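So this one's start.cif, mmCIF, C-alpha atoms:
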```
data_start
#
loop_
_atom_site.label_atom_id
_atom_site.label_comp_id
_atom_site.auth_asym_id
_atom_site.auth_seq_id
_atom_site.Cartn_x
_atom_site.Cartn_y
_atom_site.Cartn_z
CA MET A 5 79.37 -73.99 6.75
CA THR A 6 80.17 -77.68 6.23
CA LEU A 7 81.41 -79.62 9.25
CA ASP A 8 84.02 -82.31 8.77
CA GLY A 9 83.61 -85.75 10.33
CA ARG A 10 85.99 -84.88 13.18
CA HIS A 11 84.04 -81.80 14.24
CA PRO A 12 83.13 -82.17 17.93
CA SER A 13 79.48 -81.35 17.25
CA ARG A 14 79.35 -84.70 15.45
CA LEU A 15 79.48 -86.42 18.86
CA ASP A 16 75.83 -87.38 19.28
CA LEU A 17 74.22 -88.19 22.63
CA ASP A 18 74.92 -91.94 22.36
CA GLU A 19 78.59 -91.32 21.55
CA ARG A 20 78.99 -88.84 24.46
CA GLN A 21 77.34 -91.37 26.78
CA ARG A 22 79.64 -94.15 25.54
CA LEU A 23 82.67 -91.92 26.13
CA LEU A 24 81.53 -91.02 29.64
CA ARG A 25 81.18 -94.72 30.51
CA ARG A 26 84.90 -95.08 29.68
CA ASN A 27 85.72 -92.34 32.19
CA PRO A 28 86.43 -93.94 35.62
CA LEU A 29 84.68 -91.05 37.40
CA PHE A 30 81.41 -91.63 35.56
CA ALA A 31 81.48 -95.35 34.79
CA GLU A 32 79.25 -96.19 37.77
CA LEU A 33 76.53 -93.68 36.95
CA ASN A 34 73.21 -95.31 36.19
CA SER A 35 71.83 -95.00 32.68
CA ASP A 36 69.60 -91.98 33.47
CA GLU A 37 72.53 -90.14 35.09
CA GLN A 38 74.78 -90.90 32.12
CA ILE A 39 72.15 -89.60 29.70
CA CYS A 40 71.66 -86.45 31.80
CA LEU A 41 75.41 -85.78 31.89
CA ALA A 42 75.92 -86.69 28.22
CA ALA A 43 73.26 -84.15 27.24
CA GLU A 44 75.24 -81.38 28.97
CA VAL A 45 78.89 -82.10 28.16
CA GLU A 46 80.54 -80.43 25.22
CA GLY A 47 82.90 -81.70 22.53
CA LEU A 48 85.77 -79.34 21.72
CA ARG A 49 88.51 -79.35 19.11
CA PHE A 50 91.98 -77.88 19.62
CA ALA A 51 94.64 -77.22 16.98
CA ALA A 52 98.15 -78.64 17.27
CA GLY A 53 100.10 -76.58 19.82
CA GLU A 54 96.99 -74.91 21.24
CA VAL A 55 96.83 -74.65 25.05
CA VAL A 56 93.75 -76.31 26.56
CA VAL A 57 94.41 -75.27 30.18
CA ARG A 58 97.23 -73.21 31.69
CA GLU A 59 99.01 -73.98 34.96
CA GLY A 60 97.82 -71.67 37.75
CA ASP A 61 94.57 -70.69 36.02
CA PRO A 62 91.28 -71.39 37.78
CA GLY A 63 89.62 -74.61 36.73
CA ARG A 64 86.00 -75.65 36.90
CA SER A 65 86.00 -78.52 34.42
CA LEU A 66 87.70 -81.73 33.43
CA TYR A 67 88.49 -83.01 29.97
CA GLN A 68 88.50 -86.45 28.45
CA VAL A 69 90.67 -87.07 25.40
CA VAL A 70 88.49 -88.39 22.56
CA GLU A 71 90.85 -88.27 19.57
CA ASP A 72 94.62 -87.85 19.22
CA SER A 73 96.72 -86.69 22.18
CA VAL A 74 97.73 -83.87 24.50
CA GLU A 75 100.81 -83.25 26.63
CA VAL A 76 100.97 -82.15 30.26
CA LEU A 77 103.65 -79.58 31.05
CA LYS A 78 104.93 -78.37 34.43
CA THR A 79 106.89 -75.19 34.93
CA ALA A 80 110.17 -75.32 36.81
CA ALA A 81 111.88 -72.34 38.36
CA ALA A 82 113.79 -70.37 35.69
CA ALA A 83 113.62 -73.24 33.20
CA PRO A 84 111.45 -74.14 30.22
CA PRO A 85 108.33 -76.21 30.96
CA ILE A 86 108.94 -79.94 31.43
CA ARG A 87 106.74 -82.53 29.73
CA VAL A 88 105.47 -84.84 32.46
CA ALA A 89 102.85 -86.87 30.58
CA GLN A 90 101.23 -87.55 27.26
CA LEU A 91 97.52 -88.36 27.38
CA LYS A 92 95.72 -90.41 24.76
CA PRO A 93 92.06 -91.23 24.01
CA GLY A 94 90.20 -92.26 27.15
CA ASP A 95 92.55 -90.38 29.50
CA ILE A 96 91.21 -87.53 31.62
CA PHE A 97 92.73 -84.40 33.13
CA GLY A 98 91.49 -81.55 35.29
CA GLU A 99 89.50 -83.70 37.74
CA MET A 100 91.05 -82.05 40.82
CA SER A 101 90.16 -78.59 39.53
CA LEU A 102 86.64 -79.75 38.71
CA LEU A 103 86.06 -81.30 42.13
CA THR A 104 87.83 -78.76 44.35
CA ASP A 105 87.73 -75.50 42.36
CA SER A 106 91.53 -75.36 42.68
CA ALA A 107 93.97 -73.82 40.23
CA ARG A 108 95.28 -75.93 37.37
CA SER A 109 98.36 -77.89 38.44
CA GLY A 110 99.85 -78.05 34.94
CA THR A 111 99.53 -76.76 31.41
CA VAL A 112 97.92 -79.07 28.88
CA ARG A 113 98.62 -78.52 25.19
CA ALA A 114 97.40 -80.33 22.08
CA ILE A 115 100.22 -82.30 20.45
CA GLU A 116 98.22 -82.60 17.25
CA GLU A 117 94.73 -81.50 16.38
CA CYS A 118 92.56 -83.23 18.98
CA VAL A 119 88.98 -83.61 20.15
CA LEU A 120 88.15 -83.43 23.86
CA LEU A 121 84.99 -83.87 25.91
CA GLU A 122 84.53 -81.16 28.55
CA VAL A 123 82.60 -81.80 31.80
CA SER A 124 81.98 -78.69 33.92
CA GLN A 125 80.88 -78.26 37.52
CA GLU A 126 77.53 -77.05 36.22
CA ASP A 127 77.16 -80.25 34.18
CA LEU A 128 77.64 -82.27 37.39
CA ARG A 129 75.29 -80.30 39.66
CA PRO A 130 72.03 -82.05 38.63
CA ILE A 131 73.68 -85.47 38.99
CA LEU A 132 74.97 -84.70 42.48
CA GLN A 133 71.61 -83.28 43.47
CA HIS A 134 69.96 -86.63 42.75
CA ASN A 135 72.90 -88.80 43.82
CA PRO A 136 74.91 -87.23 46.68
CA GLU A 137 76.65 -90.59 47.30
CA LEU A 138 78.44 -90.04 43.99
CA MET A 139 80.53 -87.34 45.68
CA GLU A 140 81.95 -89.93 48.11
CA ARG A 141 82.77 -92.34 45.26
CA MET A 142 84.41 -89.60 43.22
CA ALA A 143 86.49 -88.39 46.18
CA SER A 144 87.59 -91.96 46.88
CA LEU A 145 88.56 -92.66 43.27
CA VAL A 146 90.43 -89.39 42.79
CA SER A 147 92.24 -89.75 46.15
CA ARG A 148 93.24 -93.31 45.31
CA ARG A 149 94.50 -92.33 41.84
CA ARG A 150 96.48 -89.40 43.25
CA GLY A 151 97.92 -91.58 45.99
CA GLU A 152 98.98 -94.25 43.53
CA LEU A 153 100.63 -91.66 41.30
CA LYS A 154 102.51 -90.16 44.23
CA GLY A 155 103.25 -93.46 45.98
CA LEU A 156 101.46 -92.41 49.17
CA GLU A 157 100.89 -94.76 52.06
CA GLN A 158 97.35 -95.87 52.98
CA GLU A 159 97.09 -93.56 56.01
CA THR A 160 98.12 -90.52 53.96
CA MET A 161 95.68 -91.51 51.19
CA LYS A 162 92.80 -91.67 53.72
CA ALA A 163 93.65 -88.19 55.03
CA SER A 164 93.84 -86.92 51.45
CA HIS A 165 90.45 -88.53 50.72
CA ASN A 166 88.86 -86.84 53.75
CA GLN A 167 90.29 -83.44 52.78
CA LEU A 168 89.09 -83.84 49.20
CA LEU A 169 85.60 -84.91 50.28
CA THR A 170 85.33 -81.93 52.65
CA ARG A 171 86.38 -79.54 49.88
CA MET A 172 83.90 -81.09 47.44
CA GLN A 173 81.08 -80.82 49.99
CA GLN A 174 81.91 -77.14 50.49
CA LEU A 175 82.07 -76.50 46.76
CA PHE A 176 78.82 -78.29 45.92
CA SER A 177 76.97 -77.37 49.16
CA SER A 178 74.42 -75.27 47.29
CA VAL A 179 73.36 -78.41 45.45
CA LEU A 180 73.06 -80.60 48.51
CA GLY A 181 71.80 -78.06 51.02
#
```
Show me this structure written as structure tokens.
Amino acid sequence: MTLDGRHPSRLDLDERQRLLRRNPLFAELNSDEQICLAAEVEGLRFAAGEVVVREGDPGRSLYQVVEDSVEVLKTAAAAPPIRVAQLKPGDIFGEMSLLTDSARSGTVRAIEECVLLEVSQEDLRPILQHNPELMERMASLVSRRRGELKGLEQETMKASHNQLLTRMQQLFSSVLG
């Protein structure tokens, strides 16, 4: 079988590491941590119209758009799904599901054939084992991003951060304990 140039397996270790550095959750990892994570993450390709994640499904990974774009859809009562966002290369989705083991909050579908980088909870475990402070930084970043998107006040964002950090500590306790 011949693989075309866009096949996700063509993403070598250096390219996966470069892509992870663009991801705000992983930008502050040291070089060894980036290499460790880059060695584990997987490149995936989705056809136009293919669903990547479905609202309400369990989620244990996040995705980073590498090529082309995806759309985020939300269901509304007795109405067709509403498009709430279009994500382009460098954008991420699924971070709350990854960090809290919560259900997917929206459906994400490929607009055109696209390549994504998938980071799973299992990919993160070795990093968190050697760098438990990363959990605090990730909780802070995700809480801040969510707060900014929802227009939350500082006090509400701090409470959200504390709840997120507690959930992450519970989820990854086997790593840290």
*Once the PyMOL selection byres ((chain A and resi 30-37) around 9) has been applied to the shown file, what residues remain in the selection, as a PyMOL selection string?*
chain A and resi 21+24-29+38-42+130-131+134-135+138+142
*Can you turn the PyMOL selection byres ((chain A and resi 91-108) around 6) into a concrete residue list for this file, as a PyMOL selection string?*
chain A and resi 59-71+73-74+90+109-110+171-172
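Note that atom CA of A:Glu75 and atom CA of A:Arg113 are 5.4 Å apart.
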*Just how far from atom CA of A:Val146 is atom CA of A:His165, in Å to one decimal?*
8.0 Å
*One-decimal distance in Å that lies between atom CA of A:Val57 and atom CA of A:Val112*: 5.3 Å
Around stretch 114-119 of chain A, fit a box with edges along x, y and z, padding it by 6 Å on each side, then list its centre and edge lengths in Å to one decimal as JSON.
```
{"center_x": 94.6, "center_y": -82.0, "center_z": 19.2, "size_x": 23.2, "size_y": 15.3, "size_z": 17.7}
```
_Under the PyMOL selection byres ((chain A and resi 16) around 12), which residues of this model are included? Write them out as a ChimeraX atom specification._
/A:9,11-15,17-23,39,42-47,121
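Ranking A:Thr79, A:Gln125, A:Ser177, A:Gln167 by their shortest atom-to-atom distance to A:Ala143, with only C-alpha atoms included, puts A:Gln167 first.
Proximity to A:Val88 at 7 Å, evaluated using all atoms listed in the file and with sequence-adjacent residues fewer than 4 positions away removed, yields A:Val76, A:Leu77, A:Lys78.
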